[in-house]
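Below you'll find the structure, written out as structure tokens, and then a few comments.
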Amino acid sequence: MSRNWLLAGLASALIAAAIVVVAIDVDETAVDPAPAGPTPTPEERAARMMRTFLSRVVEQELRPRVAELEGTQVFDGSGGTATVRRVVEGDRIDLRIMFDAYVLILDPQATVENEIQADGTVTYTREGSDLRVNGTDVRIGVFDVEQRQPRIDMAGRFTFDLSGPDIAGLAGEAVRNSDQRLEIQPATPAP
């Protein structure tokens with residue numbers, strides 16, 4: 001083997017090693033650092049997820065669609081259905097919502113908390129200025145579909161009984177995955 005071939009082989013090996021090092025450095029710098037500040041407690045994360053779920057899915061997506069409805073109707077999500085039964089008794093409105101792998105895409109352009117998934121039955125009762133929401137063994141998750149921040153959503157199976165003047169003011173107890181007891185506090189002090 002000639003000396004020129006050996007030098008060419010050595011040069012190509014050094015170039016390949018330099019490309020690998022540059023590629024590794026690029027990948028490492030592309031990873032976002034952990035957010036600064038205090039890490040939210042499990043209670044705070046669960047409360048934020050519940051408020052997001054209730055405000056986006058129940059208040060903004062389903063409740064307006066059944067505003068004039070008496071009885072039951074099925075609505076399609078992007079990955080399942082929600083069967084809503086609306087009952088009005090005087091000043092009291094009951095929504096019994098049975099989610100079957102229901103998925104709501106929050107914002108197709110966003111990458112964080114981009115979709116909400118729900119499976120199970122939620123009872124939403126509004127009587128005057130009082131709101132009560134409860135469910136037993138309801139799977140809820142707010143997910144980043146690109147999974148840049150896995151587990152940020154506090155997803156799981158929840159049993160909960162919450163009440164308050166509005167969604168931001170809901171408080172009560174939730175149990176996650178049958179063993180983690182969480183005390184849900186209002187986002188803002190109730191007036």
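Residue numbering restarts at 1 for every chain of the structure tokens, chains are lettered A, B, ... in their displayed order, and ligands are numbered from 1 as they appear.
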
Select from segment 89-147 of chain A every residue with an atom at most 8 Å from any atom of segment 163-184 of chain A, then for each give the shortest pair of atoms and their distance in Å to one decimal, using only C-alpha atoms, rows by chain and rising number, as a Markdown table.
```
| residue | atom | partner | partner_atom | distance |
| --- | --- | --- | --- | --- |
| A:Ser129 | CA | A:Pro165 | CA | 5.8 |
| A:Asp130 | CA | A:Pro165 | CA | 4.8 |
| A:Leu131 | CA | A:Gly164 | CA | 5.4 |
| A:Arg132 | CA | A:Ser163 | CA | 4.2 |
| A:Val133 | CA | A:Ser163 | CA | 6.3 |
```

**Prompt:** Where in segment 26-157 of chain A does DSSP assign helix (DSSP H, G or I), given as a ChimeraX atom specification?
**Reply:** /A:26-30,42-62,64-66

Which polymer residues have any atom within 9 Å of an atom of segment 48-63 of chain A, counting only C-alpha atoms, with same-chain residues fewer than 2 positions away left out, as a PDB file with all heavy atoms, in the first residue's frame?
```
ATOM      1  N   GLU A  43     -49.848  18.867  43.467  1.00  0.00           N
ATOM      2  CA  GLU A  43     -51.185  19.485  43.601  1.00  0.00           C
ATOM      3  C   GLU A  43     -51.362  20.626  42.610  1.00  0.00           C
ATOM      4  O   GLU A  43     -52.414  20.749  41.982  1.00  0.00           O
ATOM      5  CB  GLU A  43     -51.405  20.003  45.032  1.00  0.00           C
ATOM      6  CG  GLU A  43     -51.654  18.929  46.065  1.00  0.00           C
ATOM      7  CD  GLU A  43     -50.377  18.273  46.581  1.00  0.00           C
ATOM      8  OE1 GLU A  43     -49.270  18.690  46.202  1.00  0.00           O
ATOM      9  OE2 GLU A  43     -50.494  17.321  47.362  1.00  0.00           O
ATOM     10  N   GLU A  44     -50.329  21.463  42.480  1.00  0.00           N
ATOM     11  CA  GLU A  44     -50.414  22.595  41.544  1.00  0.00           C
ATOM     12  C   GLU A  44     -50.502  22.109  40.099  1.00  0.00           C
ATOM     13  O   GLU A  44     -51.282  22.640  39.309  1.00  0.00           O
ATOM     14  CB  GLU A  44     -49.208  23.521  41.713  1.00  0.00           C
ATOM     15  CG  GLU A  44     -49.201  24.280  43.020  1.00  0.00           C
ATOM     16  CD  GLU A  44     -47.873  24.960  43.311  1.00  0.00           C
ATOM     17  OE1 GLU A  44     -46.820  24.513  42.814  1.00  0.00           O
ATOM     18  OE2 GLU A  44     -47.901  25.959  44.043  1.00  0.00           O
ATOM     19  N   ARG A  45     -49.726  21.093  39.765  1.00  0.00           N
ATOM     20  CA  ARG A  45     -49.782  20.566  38.394  1.00  0.00           C
ATOM     21  C   ARG A  45     -51.130  19.925  38.106  1.00  0.00           C
ATOM     22  O   ARG A  45     -51.691  20.103  37.029  1.00  0.00           O
ATOM     23  CB  ARG A  45     -48.645  19.579  38.173  1.00  0.00           C
ATOM     24  CG  ARG A  45     -47.295  20.274  38.177  1.00  0.00           C
ATOM     25  CD  ARG A  45     -46.142  19.411  37.726  1.00  0.00           C
ATOM     26  NE  ARG A  45     -46.346  17.996  37.724  1.00  0.00           N
ATOM     27  CZ  ARG A  45     -45.557  17.111  38.314  1.00  0.00           C
ATOM     28  NH1 ARG A  45     -44.510  17.506  38.991  1.00  0.00           N
ATOM     29  NH2 ARG A  45     -45.808  15.838  38.223  1.00  0.00           N
ATOM     30  N   ALA A  46     -51.670  19.159  39.068  1.00  0.00           N
ATOM     31  CA  ALA A  46     -52.977  18.531  38.870  1.00  0.00           C
ATOM     32  C   ALA A  46     -54.067  19.584  38.758  1.00  0.00           C
ATOM     33  O   ALA A  46     -54.966  19.469  37.922  1.00  0.00           O
ATOM     34  CB  ALA A  46     -53.283  17.566  40.009  1.00  0.00           C
ATOM     35  N   ARG A  65     -72.152  23.916  22.787  1.00  0.00           N
ATOM     36  CA  ARG A  65     -72.824  23.080  21.788  1.00  0.00           C
ATOM     37  C   ARG A  65     -74.108  22.456  22.317  1.00  0.00           C
ATOM     38  O   ARG A  65     -74.939  21.996  21.534  1.00  0.00           O
ATOM     39  CB  ARG A  65     -71.860  21.998  21.302  1.00  0.00           C
ATOM     40  CG  ARG A  65     -70.662  22.612  20.569  1.00  0.00           C
ATOM     41  CD  ARG A  65     -69.559  21.632  20.314  1.00  0.00           C
ATOM     42  NE  ARG A  65     -69.871  20.728  19.214  1.00  0.00           N
ATOM     43  CZ  ARG A  65     -69.035  19.800  18.765  1.00  0.00           C
ATOM     44  NH1 ARG A  65     -67.837  19.668  19.327  1.00  0.00           N
ATOM     45  NH2 ARG A  65     -69.365  19.018  17.770  1.00  0.00           N
ATOM     46  N   VAL A  66     -74.263  22.398  23.648  1.00  0.00           N
ATOM     47  CA  VAL A  66     -75.488  21.818  24.216  1.00  0.00           C
ATOM     48  C   VAL A  66     -76.326  22.880  24.926  1.00  0.00           C
ATOM     49  O   VAL A  66     -77.225  22.535  25.695  1.00  0.00           O
ATOM     50  CB  VAL A  66     -75.166  20.649  25.185  1.00  0.00           C
ATOM     51  CG1 VAL A  66     -74.480  19.522  24.459  1.00  0.00           C
ATOM     52  CG2 VAL A  66     -74.342  21.120  26.373  1.00  0.00           C
ATOM     53  N   ALA A  67     -76.046  24.152  24.666  1.00  0.00           N
ATOM     54  CA  ALA A  67     -76.739  25.238  25.385  1.00  0.00           C
ATOM     55  C   ALA A  67     -78.247  25.164  25.229  1.00  0.00           C
ATOM     56  O   ALA A  67     -78.982  25.478  26.163  1.00  0.00           O
ATOM     57  CB  ALA A  67     -76.221  26.590  24.901  1.00  0.00           C
ATOM     58  N   PHE A  75     -70.824  13.922  20.488  1.00  0.00           N
ATOM     59  CA  PHE A  75     -69.930  14.818  19.760  1.00  0.00           C
ATOM     60  C   PHE A  75     -68.631  14.089  19.474  1.00  0.00           C
ATOM     61  O   PHE A  75     -68.129  13.352  20.316  1.00  0.00           O
ATOM     62  CB  PHE A  75     -69.640  16.082  20.581  1.00  0.00           C
ATOM     63  CG  PHE A  75     -70.858  16.892  20.858  1.00  0.00           C
ATOM     64  CD1 PHE A  75     -71.491  16.811  22.093  1.00  0.00           C
ATOM     65  CD2 PHE A  75     -71.387  17.728  19.894  1.00  0.00           C
ATOM     66  CE1 PHE A  75     -72.621  17.561  22.355  1.00  0.00           C
ATOM     67  CE2 PHE A  75     -72.519  18.474  20.138  1.00  0.00           C
ATOM     68  CZ  PHE A  75     -73.144  18.397  21.374  1.00  0.00           C
ATOM     69  N   ALA A  82     -67.653  12.201  22.835  1.00  0.00           N
ATOM     70  CA  ALA A  82     -68.160  12.630  24.136  1.00  0.00           C
ATOM     71  C   ALA A  82     -69.683  12.599  24.041  1.00  0.00           C
ATOM     72  O   ALA A  82     -70.267  13.229  23.152  1.00  0.00           O
ATOM     73  CB  ALA A  82     -67.681  14.036  24.472  1.00  0.00           C
ATOM     74  N   VAL A  84     -72.981  13.721  25.751  1.00  0.00           N
ATOM     75  CA  VAL A  84     -73.389  14.726  26.729  1.00  0.00           C
ATOM     76  C   VAL A  84     -74.889  14.639  26.953  1.00  0.00           C
ATOM     77  O   VAL A  84     -75.673  14.707  26.014  1.00  0.00           O
ATOM     78  CB  VAL A  84     -73.016  16.146  26.249  1.00  0.00           C
ATOM     79  CG1 VAL A  84     -73.354  17.175  27.320  1.00  0.00           C
ATOM     80  CG2 VAL A  84     -71.544  16.226  25.882  1.00  0.00           C
ATOM     81  N   LEU A  95     -74.731  18.573  33.491  1.00  0.00           N
ATOM     82  CA  LEU A  95     -74.174  17.946  32.305  1.00  0.00           C
ATOM     83  C   LEU A  95     -73.493  16.673  32.748  1.00  0.00           C
ATOM     84  O   LEU A  95     -72.597  16.697  33.590  1.00  0.00           O
ATOM     85  CB  LEU A  95     -73.140  18.845  31.618  1.00  0.00           C
ATOM     86  CG  LEU A  95     -73.590  20.177  31.053  1.00  0.00           C
ATOM     87  CD1 LEU A  95     -72.414  20.880  30.386  1.00  0.00           C
ATOM     88  CD2 LEU A  95     -74.715  20.005  30.071  1.00  0.00           C
ATOM     89  N   ILE A  97     -71.199  13.949  31.220  1.00  0.00           N
ATOM     90  CA  ILE A  97     -70.387  13.799  30.015  1.00  0.00           C
ATOM     91  C   ILE A  97     -69.617  12.491  30.102  1.00  0.00           C
ATOM     92  O   ILE A  97     -68.820  12.299  31.016  1.00  0.00           O
ATOM     93  CB  ILE A  97     -69.418  14.983  29.849  1.00  0.00           C
ATOM     94  CG1 ILE A  97     -70.173  16.309  29.942  1.00  0.00           C
ATOM     95  CG2 ILE A  97     -68.662  14.872  28.534  1.00  0.00           C
ATOM     96  CD1 ILE A  97     -69.286  17.504  30.131  1.00  0.00           C
ATOM     97  N   LEU A 104     -59.031  16.489  22.183  1.00  0.00           N
ATOM     98  CA  LEU A 104     -59.229  17.835  21.663  1.00  0.00           C
ATOM     99  C   LEU A 104     -57.859  18.433  21.391  1.00  0.00           C
ATOM    100  O   LEU A 104     -57.026  18.544  22.289  1.00  0.00           O
ATOM    101  CB  LEU A 104     -59.976  18.707  22.676  1.00  0.00           C
ATOM    102  CG  LEU A 104     -60.138  20.175  22.290  1.00  0.00           C
ATOM    103  CD1 LEU A 104     -61.047  20.324  21.081  1.00  0.00           C
ATOM    104  CD2 LEU A 104     -60.685  20.981  23.450  1.00  0.00           C
ATOM    105  N   LEU A 106     -55.615  21.421  21.060  1.00  0.00           N
ATOM    106  CA  LEU A 106     -55.726  22.783  21.567  1.00  0.00           C
ATOM    107  C   LEU A 106     -55.306  23.818  20.541  1.00  0.00           C
ATOM    108  O   LEU A 106     -56.002  24.784  20.296  1.00  0.00           O
ATOM    109  CB  LEU A 106     -54.884  22.937  22.838  1.00  0.00           C
ATOM    110  CG  LEU A 106     -55.324  22.074  24.014  1.00  0.00           C
ATOM    111  CD1 LEU A 106     -54.355  22.255  25.158  1.00  0.00           C
ATOM    112  CD2 LEU A 106     -56.719  22.435  24.434  1.00  0.00           C
ATOM    113  N   ILE A 116     -55.664  17.544  24.678  1.00  0.00           N
ATOM    114  CA  ILE A 116     -56.253  17.028  25.916  1.00  0.00           C
ATOM    115  C   ILE A 116     -56.925  15.710  25.577  1.00  0.00           C
ATOM    116  O   ILE A 116     -57.657  15.618  24.588  1.00  0.00           O
ATOM    117  CB  ILE A 116     -57.295  18.004  26.488  1.00  0.00           C
ATOM    118  CG1 ILE A 116     -56.637  19.336  26.840  1.00  0.00           C
ATOM    119  CG2 ILE A 116     -57.983  17.405  27.713  1.00  0.00           C
ATOM    120  CD1 ILE A 116     -57.608  20.369  27.370  1.00  0.00           C
ATOM    121  N   GLN A 117     -56.669  14.705  26.395  1.00  0.00           N
ATOM    122  CA  GLN A 117     -57.312  13.410  26.214  1.00  0.00           C
ATOM    123  C   GLN A 117     -58.133  13.110  27.460  1.00  0.00           C
ATOM    124  O   GLN A 117     -57.705  13.400  28.571  1.00  0.00           O
ATOM    125  CB  GLN A 117     -56.274  12.314  26.012  1.00  0.00           C
ATOM    126  CG  GLN A 117     -55.411  12.498  24.788  1.00  0.00           C
ATOM    127  CD  GLN A 117     -54.370  11.404  24.643  1.00  0.00           C
ATOM    128  OE1 GLN A 117     -54.368  10.421  25.392  1.00  0.00           O
ATOM    129  NE2 GLN A 117     -53.474  11.570  23.682  1.00  0.00           N
ATOM    130  N   ALA A 118     -59.324  12.540  27.242  1.00  0.00           N
ATOM    131  CA  ALA A 118     -60.180  12.190  28.371  1.00  0.00           C
ATOM    132  C   ALA A 118     -60.912  10.888  28.087  1.00  0.00           C
ATOM    133  O   ALA A 118     -61.280  10.606  26.956  1.00  0.00           O
ATOM    134  CB  ALA A 118     -61.199  13.298  28.631  1.00  0.00           C
ATOM    135  N   TYR A 124     -70.933  17.670  35.657  1.00  0.00           N
ATOM    136  CA  TYR A 124     -70.693  19.113  35.766  1.00  0.00           C
ATOM    137  C   TYR A 124     -72.041  19.732  36.137  1.00  0.00           C
ATOM    138  O   TYR A 124     -73.003  19.647  35.381  1.00  0.00           O
ATOM    139  CB  TYR A 124     -70.209  19.605  34.403  1.00  0.00           C
ATOM    140  CG  TYR A 124     -70.031  21.089  34.238  1.00  0.00           C
ATOM    141  CD1 TYR A 124     -68.772  21.664  34.298  1.00  0.00           C
ATOM    142  CD2 TYR A 124     -71.112  21.912  33.955  1.00  0.00           C
ATOM    143  CE1 TYR A 124     -68.595  23.026  34.100  1.00  0.00           C
ATOM    144  CE2 TYR A 124     -70.949  23.272  33.761  1.00  0.00           C
ATOM    145  CZ  TYR A 124     -69.688  23.824  33.825  1.00  0.00           C
ATOM    146  OH  TYR A 124     -69.525  25.162  33.630  1.00  0.00           O
ATOM    147  N   VAL A 133     -67.980  19.855  40.127  1.00  0.00           N
ATOM    148  CA  VAL A 133     -67.517  18.909  39.105  1.00  0.00           C
ATOM    149  C   VAL A 133     -66.975  17.683  39.811  1.00  0.00           C
ATOM    150  O   VAL A 133     -66.168  17.805  40.729  1.00  0.00           O
ATOM    151  CB  VAL A 133     -66.405  19.540  38.234  1.00  0.00           C
ATOM    152  CG1 VAL A 133     -66.007  18.585  37.129  1.00  0.00           C
ATOM    153  CG2 VAL A 133     -66.835  20.865  37.651  1.00  0.00           C
ATOM    154  N   ILE A 140     -57.419  11.504  32.442  1.00  0.00           N
ATOM    155  CA  ILE A 140     -57.265  12.849  31.884  1.00  0.00           C
ATOM    156  C   ILE A 140     -55.780  13.098  31.669  1.00  0.00           C
ATOM    157  O   ILE A 140     -54.950  12.751  32.505  1.00  0.00           O
ATOM    158  CB  ILE A 140     -57.814  13.937  32.834  1.00  0.00           C
ATOM    159  CG1 ILE A 140     -59.267  13.672  33.200  1.00  0.00           C
ATOM    160  CG2 ILE A 140     -57.682  15.325  32.197  1.00  0.00           C
ATOM    161  CD1 ILE A 140     -59.793  14.606  34.266  1.00  0.00           C
ATOM    162  N   GLY A 141     -55.468  13.745  30.556  1.00  0.00           N
ATOM    163  CA  GLY A 141     -54.093  14.145  30.310  1.00  0.00           C
ATOM    164  C   GLY A 141     -54.050  15.328  29.368  1.00  0.00           C
ATOM    165  O   GLY A 141     -54.866  15.436  28.459  1.00  0.00           O
ATOM    166  N   VAL A 142     -53.126  16.233  29.624  1.00  0.00           N
ATOM    167  CA  VAL A 142     -52.853  17.340  28.714  1.00  0.00           C
ATOM    168  C   VAL A 142     -51.451  17.077  28.192  1.00  0.00           C
ATOM    169  O   VAL A 142     -50.495  17.065  28.960  1.00  0.00           O
ATOM    170  CB  VAL A 142     -52.925  18.704  29.431  1.00  0.00           C
ATOM    171  CG1 VAL A 142     -52.677  19.833  28.446  1.00  0.00           C
ATOM    172  CG2 VAL A 142     -54.274  18.876  30.111  1.00  0.00           C
ATOM    173  N   ASP A 153     -47.654  17.051  32.310  1.00  0.00           N
ATOM    174  CA  ASP A 153     -49.094  17.244  32.385  1.00  0.00           C
ATOM    175  C   ASP A 153     -49.760  16.612  33.606  1.00  0.00           C
ATOM    176  O   ASP A 153     -50.924  16.864  33.854  1.00  0.00           O
ATOM    177  CB  ASP A 153     -49.736  16.664  31.129  1.00  0.00           C
ATOM    178  CG  ASP A 153     -49.411  15.186  31.023  1.00  0.00           C
ATOM    179  OD1 ASP A 153     -48.258  14.858  30.722  1.00  0.00           O
ATOM    180  OD2 ASP A 153     -50.296  14.371  31.292  1.00  0.00           O
ATOM    181  N   MET A 154     -49.067  15.753  34.333  1.00  0.00           N
ATOM    182  CA  MET A 154     -49.645  15.096  35.511  1.00  0.00           C
ATOM    183  C   MET A 154     -50.801  14.176  35.122  1.00  0.00           C
ATOM    184  O   MET A 154     -51.799  14.072  35.814  1.00  0.00           O
ATOM    185  CB  MET A 154     -50.119  16.179  36.499  1.00  0.00           C
ATOM    186  CG  MET A 154     -50.452  15.703  37.878  1.00  0.00           C
ATOM    187  SD  MET A 154     -49.011  15.043  38.683  1.00  0.00           S
ATOM    188  CE  MET A 154     -49.729  14.631  40.242  1.00  0.00           C
ATOM    189  N   ALA A 155     -50.703  13.534  33.969  1.00  0.00           N
ATOM    190  CA  ALA A 155     -51.771  12.662  33.481  1.00  0.00           C
ATOM    191  C   ALA A 155     -51.957  11.464  34.398  1.00  0.00           C
ATOM    192  O   ALA A 155     -51.069  11.095  35.147  1.00  0.00           O
ATOM    193  CB  ALA A 155     -51.448  12.184  32.072  1.00  0.00           C
ATOM    194  N   ILE A 167     -64.401  27.934  37.403  1.00  0.00           N
ATOM    195  CA  ILE A 167     -63.327  26.950  37.197  1.00  0.00           C
ATOM    196  C   ILE A 167     -62.039  27.358  37.896  1.00  0.00           C
ATOM    197  O   ILE A 167     -61.364  26.537  38.501  1.00  0.00           O
ATOM    198  CB  ILE A 167     -63.124  26.713  35.690  1.00  0.00           C
ATOM    199  CG1 ILE A 167     -64.319  25.914  35.185  1.00  0.00           C
ATOM    200  CG2 ILE A 167     -61.825  25.982  35.405  1.00  0.00           C
ATOM    201  CD1 ILE A 167     -64.346  25.604  33.749  1.00  0.00           C
ATOM    202  N   ALA A 168     -61.694  28.641  37.849  1.00  0.00           N
ATOM    203  CA  ALA A 168     -60.466  29.092  38.527  1.00  0.00           C
ATOM    204  C   ALA A 168     -60.564  28.919  40.031  1.00  0.00           C
ATOM    205  O   ALA A 168     -59.561  28.702  40.707  1.00  0.00           O
ATOM    206  CB  ALA A 168     -60.180  30.551  38.186  1.00  0.00           C
ATOM    207  N   LEU A 170     -62.205  26.492  41.673  1.00  0.00           N
ATOM    208  CA  LEU A 170     -62.524  25.137  42.125  1.00  0.00           C
ATOM    209  C   LEU A 170     -61.522  24.646  43.164  1.00  0.00           C
ATOM    210  O   LEU A 170     -60.327  24.876  43.059  1.00  0.00           O
ATOM    211  CB  LEU A 170     -62.523  24.162  40.943  1.00  0.00           C
ATOM    212  CG  LEU A 170     -63.718  24.228  40.000  1.00  0.00           C
ATOM    213  CD1 LEU A 170     -63.515  23.282  38.828  1.00  0.00           C
ATOM    214  CD2 LEU A 170     -65.013  23.904  40.721  1.00  0.00           C
ATOM    215  N   ALA A 187     -57.170  28.734  41.969  1.00  0.00           N
ATOM    216  CA  ALA A 187     -56.079  29.469  41.322  1.00  0.00           C
ATOM    217  C   ALA A 187     -56.009  30.879  41.851  1.00  0.00           C
ATOM    218  O   ALA A 187     -54.949  31.452  42.015  1.00  0.00           O
ATOM    219  CB  ALA A 187     -56.284  29.491  39.813  1.00  0.00           C
TER     220      ALA A 187
END
```

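In this structure, atom CA of Asp94 of chain A sits 14.8 Å away from atom CA of Asp161 of chain A.
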
**Pairwise distance for atom CA of Tyr102 of chain A and atom CA of Gly120 of chain A, rounded to one decimal in Å** = 9.3 Å

**Prompt:** Separation of atom CA of Ile93 of chain A and atom CA of Glu127 of chain A, in Å?
**Reply:** 6.4 Å

**Prompt:** Near Arg85 of chain A, counting only C-alpha atoms, which residues have an atom at most 6 Å away, once you skip same-chain residues fewer than 5 positions from it, shown as a ChimeraX atom specification?
**Reply:** /A:71-72,95-96

Restricted to N, CA, C and O atoms, what would the selected residues look like written as a PDB file, in the first residue's frame?
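Below is the file again-v6.pdb, written as the result:
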```
ATOM      1  N   GLY A  71     -81.727  16.746  26.608  1.00  0.00           N
ATOM      2  CA  GLY A  71     -81.513  15.335  26.326  1.00  0.00           C
ATOM      3  C   GLY A  71     -80.054  15.013  26.095  1.00  0.00           C
ATOM      4  O   GLY A  71     -79.178  15.614  26.706  1.00  0.00           O
ATOM      5  N   THR A  72     -79.796  14.074  25.166  1.00  0.00           N
ATOM      6  CA  THR A  72     -78.455  13.528  24.971  1.00  0.00           C
ATOM      7  C   THR A  72     -77.984  13.735  23.540  1.00  0.00           C
ATOM      8  O   THR A  72     -78.770  13.631  22.611  1.00  0.00           O
ATOM      9  N   LEU A  95     -74.731  18.573  33.491  1.00  0.00           N
ATOM     10  CA  LEU A  95     -74.174  17.946  32.305  1.00  0.00           C
ATOM     11  C   LEU A  95     -73.493  16.673  32.748  1.00  0.00           C
ATOM     12  O   LEU A  95     -72.597  16.697  33.590  1.00  0.00           O
ATOM     13  N   ARG A  96     -73.927  15.579  32.207  1.00  0.00           N
ATOM     14  CA  ARG A  96     -73.246  14.303  32.464  1.00  0.00           C
ATOM     15  C   ARG A  96     -72.528  13.961  31.161  1.00  0.00           C
ATOM     16  O   ARG A  96     -73.166  13.748  30.128  1.00  0.00           O
TER      17      ARG A  96
END
```

Quick one: residues within 10 Å of Ser78 of chain A, only C-alpha atoms counted, chain neighbours fewer than 2 positions away excluded, as a short mmCIF file (atom, residue, chain, number, x, y, z; two decimals) with all heavy atoms, in the first residue's frame?
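This is the output file part17.cif:
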```
data_model
loop_
_atom_site.label_atom_id
_atom_site.label_comp_id
_atom_site.auth_asym_id
_atom_site.auth_seq_id
_atom_site.Cartn_x
_atom_site.Cartn_y
_atom_site.Cartn_z
N ASP A 76 -68.09 14.34 18.29
CA ASP A 76 -66.82 13.73 17.90
C ASP A 76 -65.66 14.61 18.29
O ASP A 76 -65.68 15.82 18.02
CB ASP A 76 -66.77 13.49 16.39
CG ASP A 76 -67.71 12.39 15.94
OD1 ASP A 76 -67.87 11.42 16.72
OD2 ASP A 76 -68.27 12.48 14.85
N GLY A 80 -62.03 10.34 19.47
CA GLY A 80 -63.06 9.60 20.17
C GLY A 80 -64.31 10.45 20.26
O GLY A 80 -64.45 11.44 19.55
N THR A 81 -65.21 10.08 21.16
CA THR A 81 -66.48 10.79 21.28
C THR A 81 -66.73 11.24 22.71
O THR A 81 -66.14 10.73 23.66
CB THR A 81 -67.66 9.90 20.83
OG1 THR A 81 -67.69 8.74 21.68
CG2 THR A 81 -67.53 9.48 19.39
N ALA A 101 -62.30 8.00 24.94
CA ALA A 101 -61.03 8.29 24.26
C ALA A 101 -61.11 9.61 23.50
O ALA A 101 -60.58 9.75 22.41
CB ALA A 101 -60.64 7.16 23.32
N TYR A 102 -61.77 10.59 24.09
CA TYR A 102 -61.97 11.90 23.46
C TYR A 102 -60.65 12.67 23.43
O TYR A 102 -59.93 12.71 24.41
CB TYR A 102 -63.00 12.69 24.27
CG TYR A 102 -63.45 13.99 23.65
CD1 TYR A 102 -64.48 14.00 22.72
CD2 TYR A 102 -62.87 15.19 24.00
CE1 TYR A 102 -64.92 15.19 22.15
CE2 TYR A 102 -63.30 16.38 23.44
CZ TYR A 102 -64.33 16.37 22.52
OH TYR A 102 -64.74 17.54 21.95
N VAL A 103 -60.33 13.28 22.29
CA VAL A 103 -59.13 14.08 22.15
C VAL A 103 -59.51 15.43 21.56
O VAL A 103 -60.23 15.50 20.58
CB VAL A 103 -58.08 13.40 21.23
CG1 VAL A 103 -56.87 14.29 21.03
CG2 VAL A 103 -57.67 12.05 21.80
N LEU A 104 -59.03 16.49 22.18
CA LEU A 104 -59.23 17.83 21.66
C LEU A 104 -57.86 18.43 21.39
O LEU A 104 -57.03 18.54 22.29
CB LEU A 104 -59.98 18.71 22.68
CG LEU A 104 -60.14 20.17 22.29
CD1 LEU A 104 -61.05 20.32 21.08
CD2 LEU A 104 -60.68 20.98 23.45
N ILE A 105 -57.60 18.81 20.13
CA ILE A 105 -56.35 19.49 19.78
C ILE A 105 -56.50 20.94 20.19
O ILE A 105 -57.40 21.63 19.75
CB ILE A 105 -56.08 19.40 18.26
CG1 ILE A 105 -56.05 17.93 17.80
CG2 ILE A 105 -54.79 20.11 17.89
CD1 ILE A 105 -54.94 17.10 18.35
N GLU A 115 -52.64 18.82 23.25
CA GLU A 115 -53.91 18.11 23.16
C GLU A 115 -54.34 17.61 24.53
O GLU A 115 -53.53 17.34 25.40
CB GLU A 115 -53.83 16.96 22.14
CG GLU A 115 -53.17 15.72 22.62
CD GLU A 115 -53.13 14.64 21.56
OE1 GLU A 115 -53.14 14.95 20.35
OE2 GLU A 115 -53.07 13.46 21.93
N GLN A 117 -56.67 14.70 26.39
CA GLN A 117 -57.31 13.41 26.21
C GLN A 117 -58.13 13.11 27.46
O GLN A 117 -57.71 13.40 28.57
CB GLN A 117 -56.27 12.31 26.01
CG GLN A 117 -55.41 12.50 24.79
CD GLN A 117 -54.37 11.40 24.64
OE1 GLN A 117 -54.37 10.42 25.39
NE2 GLN A 117 -53.47 11.57 23.68
#
```
